[in-house]
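**Student:** What follows is the file upload_17.cif, containing mmCIF, C-alpha atoms and all ligand atoms:
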data_start
#
loop_
_atom_site.label_atom_id
_atom_site.label_comp_id
_atom_site.auth_asym_id
_atom_site.auth_seq_id
_atom_site.Cartn_x
_atom_site.Cartn_y
_atom_site.Cartn_z
CA MET V 1 0.00 0.00 0.00
CA GLY V 2 1.85 3.08 -1.20
CA GLY V 3 5.13 1.33 -1.86
CA PRO V 4 8.00 0.03 0.26
CA GLU V 5 8.98 3.48 1.62
CA ILE V 6 5.60 3.98 3.32
CA GLU V 7 5.51 0.38 4.56
CA ARG V 8 8.95 0.74 6.13
CA LEU V 9 8.09 4.10 7.69
CA ILE V 10 4.94 2.65 9.29
CA ALA V 11 6.78 -0.47 10.48
CA LEU V 12 9.48 1.59 12.25
CA LEU V 13 7.01 4.16 13.64
CA SER V 14 4.93 1.34 15.13
CA ARG V 15 7.92 0.44 17.32
CA LEU V 16 7.90 3.85 19.05
CA PRO V 17 6.92 3.71 22.74
CA GLY V 18 3.14 3.82 23.08
CA TYR V 19 2.61 3.27 19.36
CA GLY V 20 1.08 0.35 17.50
CA PRO V 21 0.13 -0.24 13.85
CA ARG V 22 -2.87 2.11 13.97
CA SER V 23 -1.10 5.07 15.59
CA ALA V 24 1.89 4.47 13.32
CA ARG V 25 -0.33 4.73 10.24
CA ARG V 26 -1.90 7.91 11.61
CA ALA V 27 1.53 9.42 12.32
CA ALA V 28 2.83 8.40 8.88
CA LEU V 29 -0.13 10.12 7.20
CA THR V 30 0.29 13.28 9.30
CA LEU V 31 3.99 13.43 8.49
CA LEU V 32 3.64 12.52 4.80
CA ARG V 33 1.12 15.32 4.32
CA GLN V 34 3.86 17.81 5.22
CA PRO V 35 7.11 16.22 4.03
CA GLN V 36 9.10 19.47 4.01
CA THR V 37 7.87 20.97 7.28
CA ARG V 38 7.27 17.84 9.38
CA LEU V 39 8.94 14.72 8.03
CA LEU V 40 12.36 16.02 6.91
CA PRO V 41 12.93 18.16 10.04
CA LEU V 42 12.18 15.17 12.28
CA ALA V 43 14.42 12.92 10.17
CA ASP V 44 17.18 15.52 10.40
CA ALA V 45 16.77 15.95 14.17
CA MET V 46 17.03 12.17 14.58
CA GLU V 47 20.13 11.92 12.43
CA GLN V 48 21.83 14.85 14.19
CA ALA V 49 21.01 13.37 17.59
CA ALA V 50 22.24 9.91 16.58
CA ARG V 51 25.51 11.35 15.29
CA SER V 52 26.24 13.77 18.15
CA VAL V 53 24.75 12.40 21.36
CA ARG V 54 26.99 10.16 23.47
CA SER V 55 27.07 8.90 27.05
CA CYS V 56 29.13 11.23 29.25
CA SER V 57 32.32 9.34 30.12
CA THR V 58 32.14 10.73 33.65
CA CYS V 59 28.50 10.38 34.72
CA GLY V 60 26.67 8.45 31.98
CA ASN V 61 24.32 11.31 31.08
CA LEU V 62 23.35 11.64 27.40
CA ASP V 63 24.73 14.80 25.80
CA SER V 64 26.28 16.08 22.61
CA ARG V 65 29.27 17.13 24.73
CA ASP V 66 31.64 14.90 26.70
CA PRO V 67 31.94 15.65 29.58
CA CYS V 68 28.25 16.54 29.57
CA SER V 69 26.84 20.03 30.16
CA ILE V 70 26.25 19.21 33.83
CA CYS V 71 29.72 17.74 34.52
CA ALA V 72 31.27 20.69 32.65
CA ASP V 73 29.24 23.34 34.50
CA PRO V 74 31.56 25.20 36.93
CA GLY V 75 28.47 26.37 38.84
CA ARG V 76 27.55 22.88 40.05
CA ASP V 77 28.58 21.59 43.47
CA ARG V 78 31.11 18.87 42.60
CA SER V 79 31.15 17.52 46.14
CA ILE V 80 27.65 16.04 45.90
CA VAL V 81 26.89 13.19 43.48
CA CYS V 82 23.31 12.02 42.98
CA VAL V 83 23.07 8.39 41.78
CA VAL V 84 20.11 7.63 39.51
CA GLU V 85 18.95 4.57 37.58
CA GLY V 86 18.65 6.22 34.21
CA VAL V 87 18.94 9.43 32.22
CA GLY V 88 15.15 9.87 32.46
CA ASP V 89 15.52 10.23 36.24
CA LEU V 90 18.33 12.76 35.79
CA TRP V 91 16.07 14.75 33.44
CA ALA V 92 13.23 14.65 36.00
CA LEU V 93 15.50 15.97 38.78
CA GLU V 94 16.86 18.70 36.46
CA ARG V 95 13.36 19.78 35.52
CA ALA V 96 12.51 19.99 39.21
CA GLY V 97 15.69 22.04 39.72
CA VAL V 98 16.24 20.50 43.15
CA HIS V 99 19.80 19.17 42.81
CA ARG V 100 22.80 21.51 42.45
CA GLY V 101 25.47 18.79 42.44
CA LEU V 102 26.55 16.25 39.83
CA TYR V 103 25.02 12.93 38.83
CA HIS V 104 25.97 9.34 38.26
CA VAL V 105 23.78 7.26 35.96
CA LEU V 106 23.82 3.57 36.93
CA GLY V 107 22.08 2.39 33.78
CA GLY V 108 19.60 0.21 35.65
CA THR V 109 19.13 -1.56 38.95
CA LEU V 110 20.48 -4.76 40.43
CA SER V 111 18.22 -7.68 39.67
CA PRO V 112 19.54 -11.02 40.94
CA LEU V 113 16.58 -12.84 39.36
CA GLY V 114 16.84 -10.88 36.11
CA GLY V 115 20.56 -11.56 35.91
CA THR V 116 21.68 -7.94 36.34
CA GLY V 117 24.72 -7.81 38.61
CA PRO V 118 26.95 -4.91 39.74
CA ASP V 119 29.21 -5.27 36.70
CA ASP V 120 26.24 -4.85 34.36
CA LEU V 121 25.73 -1.37 35.83
CA SER V 122 28.03 1.62 36.09
CA THR V 123 29.08 0.76 39.67
CA ARG V 124 32.86 0.55 39.15
CA PRO V 125 33.03 4.00 37.49
CA LEU V 126 31.16 5.37 40.54
CA LEU V 127 33.74 3.88 42.91
CA VAL V 128 36.54 5.27 40.73
CA ARG V 129 35.00 8.75 40.96
CA LEU V 130 34.94 8.46 44.74
CA GLU V 131 38.53 7.21 44.84
CA GLU V 132 39.60 10.28 42.91
CA GLY V 133 38.38 12.37 45.85
CA GLY V 134 36.47 15.62 46.11
CA VAL V 135 33.08 14.00 46.71
CA ARG V 136 31.75 14.37 50.25
CA GLU V 137 28.14 13.23 49.76
CA VAL V 138 26.47 10.60 47.62
CA ILE V 139 22.68 10.76 47.30
CA LEU V 140 21.12 7.46 46.25
CA ALA V 141 18.05 8.52 44.26
CA LEU V 142 16.71 5.17 43.09
CA GLY V 143 13.07 4.26 42.66
CA ALA V 144 11.15 2.67 45.53
CA THR V 145 10.85 -0.64 43.72
CA VAL V 146 12.22 -3.95 45.01
CA GLU V 147 15.17 -3.64 42.60
CA GLY V 148 15.69 0.00 43.53
CA ALA V 149 15.82 -0.88 47.24
CA THR V 150 18.15 -3.81 46.58
CA THR V 151 20.47 -1.52 44.64
CA THR V 152 20.31 1.19 47.32
CA HIS V 153 21.26 -1.33 50.00
CA TRP V 154 24.06 -2.80 47.93
CA LEU V 155 25.51 0.65 47.10
CA ALA V 156 25.18 1.93 50.70
CA ASP V 157 27.15 -1.13 51.79
CA ARG V 158 29.87 -0.68 49.15
CA LEU V 159 30.15 3.06 49.82
CA SER V 160 30.51 2.63 53.59
CA GLY V 161 34.24 2.16 53.03
CA PHE V 162 34.60 5.69 51.60
CA PRO V 163 34.85 8.94 53.57
CA VAL V 164 31.54 10.18 52.15
CA THR V 165 28.12 10.78 53.61
CA VAL V 166 25.69 8.40 51.92
CA SER V 167 22.07 9.53 51.92
CA ARG V 168 19.04 8.24 50.12
CA VAL V 169 15.90 9.92 48.88
CA GLY V 170 13.25 9.05 51.39
CA GLN V 171 9.89 10.55 52.16
CA GLY V 172 8.00 11.37 49.02
CA VAL V 173 8.76 8.48 46.71
CA PRO V 174 5.60 6.38 46.70
CA MET V 175 5.99 2.63 47.13
CA GLY V 176 6.38 0.84 43.83
CA GLY V 177 6.81 4.14 42.05
CA ALA V 178 9.42 5.12 39.51
CA LEU V 179 11.21 8.40 40.03
CA ASP V 180 10.64 9.98 36.65
CA VAL V 181 6.84 10.12 36.87
CA LEU V 182 6.80 12.20 40.08
CA ASP V 183 5.83 15.87 40.17
CA ASP V 184 8.49 18.47 40.98
CA GLY V 185 7.18 19.11 44.52
CA THR V 186 7.35 15.43 45.44
CA LEU V 187 10.85 15.19 44.03
CA ALA V 188 11.92 18.27 46.01
CA ALA V 189 10.42 16.85 49.21
CA ALA V 190 12.08 13.48 48.65
CA LEU V 191 15.44 15.14 48.14
CA LEU V 192 15.13 17.46 51.15
CA ALA V 193 14.01 14.58 53.35
CA ARG V 194 16.99 12.41 52.42
CA ARG V 195 18.51 10.52 55.30
CA SER V 196 21.96 9.14 55.94
CA MET K 1 19.52 19.26 29.19
CA GLY K 2 21.80 17.19 27.00
CA GLY K 3 22.39 19.88 24.43
CA PRO K 4 20.40 21.36 21.54
CA GLU K 5 20.26 18.10 19.53
CA ILE K 6 18.31 16.30 22.27
CA GLU K 7 16.10 19.33 22.94
CA ARG K 8 15.20 19.57 19.25
CA LEU K 9 14.55 15.83 18.97
CA ILE K 10 12.17 15.93 21.94
CA ALA K 11 10.43 19.08 20.67
CA LEU K 12 9.72 17.48 17.27
CA LEU K 13 8.79 14.07 18.71
CA SER K 14 6.27 15.78 21.03
CA ARG K 15 4.36 16.94 17.93
CA LEU K 16 3.69 13.35 16.79
CA PRO K 17 0.00 12.36 16.98
CA GLY K 18 -0.84 11.12 20.48
CA TYR K 19 2.48 12.34 21.88
CA GLY K 20 3.19 15.07 24.41
CA PRO K 21 6.34 16.20 26.22
CA ARG K 22 6.46 13.15 28.51
CA SER K 23 6.04 10.51 25.80
CA ALA K 24 8.44 12.44 23.57
CA ARG K 25 11.11 12.30 26.28
CA ARG K 26 10.49 8.60 26.75
CA ALA K 27 10.74 7.96 22.99
CA ALA K 28 13.89 10.08 22.72
CA LEU K 29 15.56 8.06 25.49
CA THR K 30 14.51 4.76 23.94
CA LEU K 31 15.85 5.81 20.55
CA LEU K 32 19.04 7.43 21.86
CA ARG K 33 19.93 4.24 23.70
CA GLN K 34 20.14 2.46 20.34
CA PRO K 35 21.30 5.12 17.87
CA GLN K 36 22.52 2.65 15.23
CA THR K 37 19.66 0.14 15.35
CA ARG K 38 16.69 2.41 16.19
CA LEU K 39 17.35 6.10 15.63
CA LEU K 40 19.27 6.10 12.33
CA PRO K 41 16.99 3.53 10.61
CA LEU K 42 13.91 5.60 11.53
CA ALA K 43 15.60 8.81 10.38
CA ASP K 44 16.52 7.11 7.11
CA ALA K 45 12.99 5.72 6.59
CA MET K 46 11.58 9.22 7.14
CA GLU K 47 13.99 10.82 4.73
CA GLN K 48 13.39 8.18 2.04
CA ALA K 49 9.64 8.55 2.45
CA ALA K 50 9.82 12.34 2.34
CA ARG K 51 11.91 12.22 -0.85
CA SER K 52 9.97 9.54 -2.72
CA VAL K 53 6.32 9.67 -1.65
CA ARG K 54 4.00 11.91 -3.68
CA SER K 55 0.28 12.33 -4.20
CA CYS K 56 -0.90 10.28 -7.15
CA SER K 57 -1.78 12.77 -9.90
CA THR K 58 -4.79 10.64 -10.82
CA CYS K 59 -6.44 9.69 -7.53
CA GLY K 60 -4.59 11.56 -4.72
CA ASN K 61 -3.32 8.39 -3.02
CA LEU K 62 0.14 8.62 -1.41
CA ASP K 63 2.72 6.44 -3.14
CA SER K 64 6.33 6.42 -4.25
CA ARG K 65 5.02 5.83 -7.78
CA ASP K 66 2.89 8.15 -9.88
CA PRO K 67 0.39 6.91 -10.96
CA CYS K 68 0.10 5.02 -7.69
CA SER K 69 0.29 1.23 -7.34
CA ILE K 70 -3.52 1.01 -7.36
CA CYS K 71 -4.07 3.24 -10.42
CA ALA K 72 -1.27 1.35 -12.21
CA ASP K 73 -2.60 -2.11 -11.32
CA PRO K 74 -4.08 -3.70 -14.49
CA GLY K 75 -6.03 -6.10 -12.27
CA ARG K 76 -8.26 -3.37 -10.78
CA ASP K 77 -11.72 -2.64 -12.18
CA ARG K 78 -11.26 0.82 -13.72
CA SER K 79 -15.01 1.31 -14.18
CA ILE K 80 -15.67 1.72 -10.44
CA VAL K 81 -14.26 4.69 -8.51
CA CYS K 82 -14.61 4.85 -4.75
CA VAL K 83 -14.48 8.41 -3.39
CA VAL K 84 -12.95 8.77 0.10
CA GLU K 85 -12.09 11.72 2.33
CA GLY K 86 -8.46 10.82 2.94
CA VAL K 87 -5.68 8.34 2.27
CA GLY K 88 -6.32 6.78 5.71
CA ASP K 89 -9.78 5.73 4.49
CA LEU K 90 -8.26 4.29 1.31
CA TRP K 91 -5.82 2.30 3.43
CA ALA K 92 -8.68 1.02 5.62
CA LEU K 93 -10.64 -0.17 2.57
CA GLU K 94 -7.52 -1.80 1.10
CA ARG K 95 -6.81 -3.63 4.37
CA ALA K 96 -10.39 -4.86 4.33
CA GLY K 97 -9.87 -5.98 0.71
CA VAL K 98 -13.47 -5.12 -0.17
CA HIS K 99 -12.99 -2.80 -3.14
CA ARG K 100 -11.62 -4.02 -6.47
CA GLY K 101 -11.95 -0.71 -8.31
CA LEU K 102 -10.00 2.53 -8.19
CA TYR K 103 -10.17 5.40 -5.71
CA HIS K 104 -10.46 9.14 -5.62
CA VAL K 105 -9.15 10.94 -2.54
CA LEU K 106 -11.05 14.19 -1.90
CA GLY K 107 -8.61 15.48 0.69
CA GLY K 108 -11.32 16.38 3.20
CA THR K 109 -15.01 17.17 3.39
CA LEU K 110 -17.09 20.21 2.58
CA SER K 111 -17.47 22.44 5.60
CA PRO K 112 -19.37 25.68 4.89
CA LEU K 113 -18.77 26.86 8.48
CA GLY K 114 -15.11 25.81 8.43
CA GLY K 115 -14.58 27.57 5.12
CA THR K 116 -13.87 24.42 3.09
CA GLY K 117 -15.56 24.70 -0.31
CA PRO K 118 -15.56 22.38 -3.36
CA ASP K 119 -12.42 24.03 -4.78
CA ASP K 120 -10.49 23.29 -1.57
CA LEU K 121 -11.05 19.59 -2.24
CA SER K 122 -10.17 17.39 -5.21
CA THR K 123 -13.64 17.73 -6.74
CA ARG K 124 -12.67 19.14 -10.15
CA PRO K 125 -10.14 16.33 -10.82
CA LEU K 126 -12.94 13.85 -10.03
CA LEU K 127 -15.24 15.48 -12.60
CA VAL K 128 -12.38 15.48 -15.12
CA ARG K 129 -11.89 11.75 -14.56
CA LEU K 130 -15.58 11.16 -15.23
CA GLU K 131 -15.50 13.35 -18.34
CA GLU K 132 -12.67 11.23 -19.69
CA GLY K 133 -15.08 8.29 -19.66
CA GLY K 134 -14.71 4.64 -18.72
CA VAL K 135 -16.23 5.03 -15.26
CA ARG K 136 -19.68 3.51 -14.82
CA GLU K 137 -20.05 3.63 -11.05
CA VAL K 138 -18.96 6.07 -8.36
CA ILE K 139 -19.16 4.89 -4.75
CA LEU K 140 -19.26 7.73 -2.24
CA ALA K 141 -17.51 6.29 0.84
CA LEU K 142 -17.49 9.29 3.15
CA GLY K 143 -17.84 9.21 6.91
CA ALA K 144 -21.27 9.48 8.53
CA THR K 145 -20.48 12.90 10.00
CA VAL K 146 -22.40 16.07 9.22
CA GLU K 147 -19.61 17.17 6.88
CA GLY K 148 -19.42 13.71 5.29
CA ALA K 149 -23.18 13.74 4.63
CA THR K 150 -23.00 17.30 3.27
CA THR K 151 -20.22 16.26 0.92
CA THR K 152 -22.05 13.11 -0.15
CA HIS K 153 -25.16 15.14 -1.01
CA TRP K 154 -23.18 17.78 -2.88
CA LEU K 155 -21.27 15.17 -4.88
CA ALA K 156 -24.39 13.10 -5.63
CA ASP K 157 -25.97 16.27 -6.99
CA ARG K 158 -22.94 17.22 -9.12
CA LEU K 159 -22.55 13.67 -10.44
CA SER K 160 -26.19 13.35 -11.48
CA GLY K 161 -25.26 15.00 -14.77
CA PHE K 162 -22.90 12.15 -15.69
CA PRO K 163 -23.86 8.75 -17.15
CA VAL K 164 -22.66 6.94 -14.02
CA THR K 165 -24.37 5.08 -11.22
CA VAL K 166 -23.75 6.94 -7.99
CA SER K 167 -23.97 4.86 -4.83
CA ARG K 168 -23.00 5.59 -1.27
CA VAL K 169 -21.81 3.38 1.55
CA GLY K 170 -24.81 2.85 3.75
CA GLN K 171 -25.62 0.32 6.40
CA GLY K 172 -22.66 -0.25 8.65
CA VAL K 173 -21.16 3.17 9.10
CA PRO K 174 -22.16 4.24 12.61
CA MET K 175 -23.53 7.74 13.06
CA GLY K 176 -20.80 10.25 13.83
CA GLY K 177 -18.18 7.68 12.97
CA ALA K 178 -15.12 8.07 10.79
CA LEU K 179 -14.48 5.41 8.20
CA ASP K 180 -10.91 4.48 9.06
CA VAL K 181 -11.64 3.22 12.57
CA LEU K 182 -14.11 0.56 11.42
CA ASP K 183 -13.34 -3.14 11.45
CA ASP K 184 -13.03 -4.98 8.14
CA GLY K 185 -16.41 -6.71 8.47
CA THR K 186 -18.25 -3.44 9.02
CA LEU K 187 -16.48 -1.91 6.04
CA ALA K 188 -17.39 -4.89 3.88
CA ALA K 189 -21.05 -4.68 4.97
CA ALA K 190 -21.16 -0.95 4.33
CA LEU K 191 -19.75 -1.42 0.86
CA LEU K 192 -22.04 -4.33 -0.04
CA ALA K 193 -25.07 -2.41 1.25
CA ARG K 194 -24.34 0.64 -0.87
CA ARG K 195 -27.35 2.26 -2.46
CA SER K 196 -27.83 4.44 -5.49
ZN ZN V 201 28.40 14.02 32.85
ZN ZN V 202 -3.67 6.67 -7.92
#
Take the structure in this file and express it as structure tokens.
Ligand SMILES: [Zn+2]
Ligand SMILES: [Zn+2]

**Tutor:**
Amino acid sequence: MGGPEIERLIALLSRLPGYGPRSARRAALTLLRQPQTRLLPLADAMEQAARSVRSCSTCGNLDSRDPCSICADPGRDRSIVCVVEGVGDLWALERAGVHRGLYHVLGGTLSPLGGTGPDDLSTRPLLVRLEEGGVREVILALGATVEGATTTHWLADRLSGFPVTVSRVGQGVPMGGALDVLDDGTLAAALLARRS
Amino acid sequence: MGGPEIERLIALLSRLPGYGPRSARRAALTLLRQPQTRLLPLADAMEQAARSVRSCSTCGNLDSRDPCSICADPGRDRSIVCVVEGVGDLWALERAGVHRGLYHVLGGTLSPLGGTGPDDLSTRPLLVRLEEGGVREVILALGATVEGATTTHWLADRLSGFPVTVSRVGQGVPMGGALDVLDDGTLAAALLARRS
């Protein structure tokens, strides 16, 4: 229907989060109606992003710079590192504007049953950052899921050997909830109510 | 957050049908995690589609060929033309496999209040096709909305001067319903139950 180019476009669009065949067809039609003003700009934005965006070699954030804009910002407090599961959590905390320090993106949570161990996450790079010195507080900002709690406990244990204060986001994160769906106020409260 | 490339990607993704800022961020993260296998292939599919897909100069269908695959198919019955509002309706009828003739895509419906008149739609090209001869039946397959009914009446009136049978999809299209959300069976029934 419409040739291989349309078929391929619909097939790839249908793999977008929240999309299926029907929404992919609708999106394809919307975009194909305005090839110059909708389709080509989006294609270009995707290509530019794919070519320029990398994981920050320090913190794991996604950015077109390395070190990322946050690690490179002289205005951030380099003595506080907030550990998050993913870049989506980092984005949520940045939108809330409640953390003035740096980040460390783990890339997931420990899951003994799912086969995700410490070496599958960015745990060693975190320990290396601490060994390099200058960090006095680590905030563990993981979701209040079973895996998040497991990871928090494991990290708190590993970090107890370092001369840093280890705190964790507490009050405010609802049980079973992921961090990146919380409103800014809840995130601020959770961060302020962190405990050692 | 992450530089201008990510910001632009999220801004354009958030304009996709059914998407908003949150789903756009989620999609951007999903795609950025797999730049080679997800992001670049989608960007390429969009660019190829934008460069190759055109409106068929005969029927208005979207295709990378002109005339489109349907108009060019010698196996289709060229004496029956099914008039639809948009390409999405054409796709729905093709998926249902209930129409063996050709199509004519109007590009919308008449809307006196919305300022859409006959010349804003592909009505003249339809009349030209009929003047060229060879068509013995026109099926008006417009949605059962007020605008769809208005358009059906206007077209039935204009076509009464031509030596063609004019039928309209009837039983099966629910009141207020658009054509492209119907299941295949309903579409088949509506087409079989067409009346002159
Ligand atoms: Zn960084
Ligand atoms: Zn055509």

**Student:** Hey, list the chain V side of the contact with chain K: 9 Å cut-off, only C-alpha atoms, answer as JSON, numbers by chain.

**Tutor:** {"V": [1, 2, 3, 4, 5, 6, 8, 9, 12, 13, 16, 17, 18, 19, 22, 23, 24, 25, 26, 27, 28, 29, 30, 31, 32, 33, 34, 35, 36, 38, 39, 40, 41, 42, 43, 44, 45, 46, 47, 48, 49, 50, 51, 52, 53, 54, 61, 62, 63, 64, 65, 68, 69, 70, 87, 88, 91, 94, 95, 181]}

**Student:** Rank K:Pro112, K:Gly117, K:Gly134, K:Pro67 by their smallest atom-to-atom distance to ligand ZN 202 (chain V), using only C-alpha atoms and all ligand atoms, and report the top residue only.

**Tutor:**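 Of K:Pro112, K:Gly117, K:Gly134, K:Pro67, the one nearest ligand ZN 202 (chain V), counting only C-alpha atoms and all ligand atoms, is K:Pro67.
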
**Student:** To test the calculation: enclose all listed atoms of stretch 38-55 of chain V in a box whose edges run along x, y and z, add 6 Å on each side, then state centre and edge lengths in Å to one decimal, as JSON.

**Tutor:**
{"center_x": 17.2, "center_y": 13.5, "center_z": 17.0, "size_x": 31.8, "size_y": 21.3, "size_z": 32.1}

**Student:** Please determine, counting only C-alpha atoms, which residue among V:Pro21, V:Gly133, V:Gly107, V:Gly185 has the shortest atom-to-atom distance to V:Gly148.

**Tutor:** V:Gly107

**Student:** Between V:Gly60, V:Pro74, V:Gly97, V:Gly20, which has the minimum distance to V:Asp184 (counting only C-alpha atoms)?

**Tutor:**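 The answer is V:Gly97, which sits nearest to V:Asp184.
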
**Student:** Would you pick out the contacts of K:Phe162 at 12 Å or less, using only C-alpha atoms, so that residues sharing its chain but fewer than 2 positions from it are not included, and give the list as a list in words?

**Tutor:**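 So, after excluding close chain neighbours, the residues are Leu126, Leu127, Val128, Arg129, Leu130, Glu131, Glu132, Gly133, Gly134, Val135, Arg136, Glu137, Val138, Leu155, Ala156, Asp157, Arg158, Leu159, Ser160, Val164, Thr165 and Val166 of chain K.
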
**Student:** Report, in Å to a single decimal, how far apart atom CA of K:Gly114 and atom CA of K:Leu142 are.

**Tutor:**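 Rounded to one decimal, the two atoms are 17.5 Å apart.
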
**Student:** Name the closest residue to V:Arg168 among the candidates V:Thr116, V:Ser196, V:Ser14, V:Thr186; distances are taken between atoms, counting all atoms listed in the file.

**Tutor:**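 Looking at the shortest contact to V:Arg168, the residue is V:Ser196.
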
**Student:** Report the distance between atom CA of K:Leu187 and atom CA of K:Ser57 in Å, rounded to one decimal place.

**Tutor:** 26.2 Å

**Student:** May I have the residues at most 12 Å from (19.2, -1.9, 39.1) in the file's coordinates, counting only C-alpha atoms, as a PyMOL selection string?

**Tutor:** chain V and resi 83-86+105-123+140-155

**Student:** Could you check how far atom CA of V:Ser79 sits from atom CA of V:Arg124, in Å to one decimal?

**Tutor:**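 Between atom CA of V:Ser79 and atom CA of V:Arg124 the gap is 18.4 Å.
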
**Student:** Can I get stretch 93-115 of chain V with N, CA and C atoms filled in, as a JSON list (two decimals), keeping the file's coordinate frame?

**Tutor:**
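rebuild_8.json, written as the output of this step:
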[["chain", "number", "residue", "atom", "x", "y", "z"],
["V", 93, "LEU", "N", 14.92, 15.17, 37.69],
["V", 93, "LEU", "CA", 15.50, 15.97, 38.78],
["V", 93, "LEU", "C", 15.94, 17.34, 38.26],
["V", 94, "GLU", "N", 16.46, 17.40, 37.03],
["V", 94, "GLU", "CA", 16.86, 18.70, 36.46],
["V", 94, "GLU", "C", 15.65, 19.58, 36.21],
["V", 95, "ARG", "N", 14.56, 18.98, 35.73],
["V", 95, "ARG", "CA", 13.36, 19.78, 35.52],
["V", 95, "ARG", "C", 12.85, 20.35, 36.83],
["V", 96, "ALA", "N", 12.96, 19.53, 37.90],
["V", 96, "ALA", "CA", 12.51, 19.99, 39.21],
["V", 96, "ALA", "C", 13.47, 21.04, 39.77],
["V", 97, "GLY", "N", 14.70, 21.05, 39.28],
["V", 97, "GLY", "CA", 15.69, 22.04, 39.72],
["V", 97, "GLY", "C", 16.03, 21.91, 41.19],
["V", 98, "VAL", "N", 16.05, 20.67, 41.70],
["V", 98, "VAL", "CA", 16.24, 20.50, 43.15],
["V", 98, "VAL", "C", 17.63, 19.97, 43.50],
["V", 99, "HIS", "N", 18.47, 19.72, 42.52],
["V", 99, "HIS", "CA", 19.80, 19.17, 42.81],
["V", 99, "HIS", "C", 20.85, 20.05, 42.15],
["V", 100, "ARG", "N", 21.77, 20.58, 42.95],
["V", 100, "ARG", "CA", 22.80, 21.51, 42.45],
["V", 100, "ARG", "C", 24.15, 20.82, 42.26],
["V", 101, "GLY", "N", 24.21, 19.50, 42.56],
["V", 101, "GLY", "CA", 25.47, 18.79, 42.44],
["V", 101, "GLY", "C", 25.59, 18.09, 41.10],
["V", 102, "LEU", "N", 26.37, 17.04, 41.05],
["V", 102, "LEU", "CA", 26.55, 16.25, 39.83],
["V", 102, "LEU", "C", 25.69, 14.98, 39.91],
["V", 103, "TYR", "N", 25.78, 14.17, 38.88],
["V", 103, "TYR", "CA", 25.02, 12.93, 38.83],
["V", 103, "TYR", "C", 25.92, 11.75, 38.56],
["V", 104, "HIS", "N", 25.36, 10.56, 38.78],
["V", 104, "HIS", "CA", 25.97, 9.34, 38.26],
["V", 104, "HIS", "C", 24.83, 8.42, 37.82],
["V", 105, "VAL", "N", 24.84, 8.09, 36.53],
["V", 105, "VAL", "CA", 23.78, 7.26, 35.96],
["V", 105, "VAL", "C", 24.21, 5.80, 36.01],
["V", 106, "LEU", "N", 23.46, 4.98, 36.77],
["V", 106, "LEU", "CA", 23.82, 3.57, 36.93],
["V", 106, "LEU", "C", 23.53, 2.75, 35.67],
["V", 107, "GLY", "N", 22.47, 3.14, 34.96],
["V", 107, "GLY", "CA", 22.08, 2.39, 33.78],
["V", 107, "GLY", "C", 21.16, 1.22, 34.10],
["V", 108, "GLY", "N", 20.53, 1.27, 35.27],
["V", 108, "GLY", "CA", 19.60, 0.21, 35.65],
["V", 108, "GLY", "C", 19.68, -0.05, 37.13],
["V", 109, "THR", "N", 19.09, -1.16, 37.55],
["V", 109, "THR", "CA", 19.13, -1.56, 38.95],
["V", 109, "THR", "C", 19.59, -3.01, 39.05],
["V", 110, "LEU", "N", 20.10, -3.36, 40.20],
["V", 110, "LEU", "CA", 20.48, -4.76, 40.43],
["V", 110, "LEU", "C", 19.24, -5.63, 40.39],
["V", 111, "SER", "N", 19.34, -6.75, 39.73],
["V", 111, "SER", "CA", 18.22, -7.68, 39.67],
["V", 111, "SER", "C", 18.77, -9.10, 39.66],
["V", 112, "PRO", "N", 18.97, -9.67, 40.87],
["V", 112, "PRO", "CA", 19.54, -11.02, 40.94],
["V", 112, "PRO", "C", 18.74, -12.01, 40.09],
["V", 113, "LEU", "N", 17.41, -11.91, 40.13],
["V", 113, "LEU", "CA", 16.58, -12.84, 39.36],
["V", 113, "LEU", "C", 16.68, -12.55, 37.86],
["V", 114, "GLY", "N", 16.76, -11.26, 37.52],
["V", 114, "GLY", "CA", 16.84, -10.88, 36.11],
["V", 114, "GLY", "C", 18.24, -11.00, 35.55],
["V", 115, "GLY", "N", 19.20, -11.37, 36.39],
["V", 115, "GLY", "CA", 20.56, -11.56, 35.91],
["V", 115, "GLY", "C", 21.35, -10.28, 35.75]]
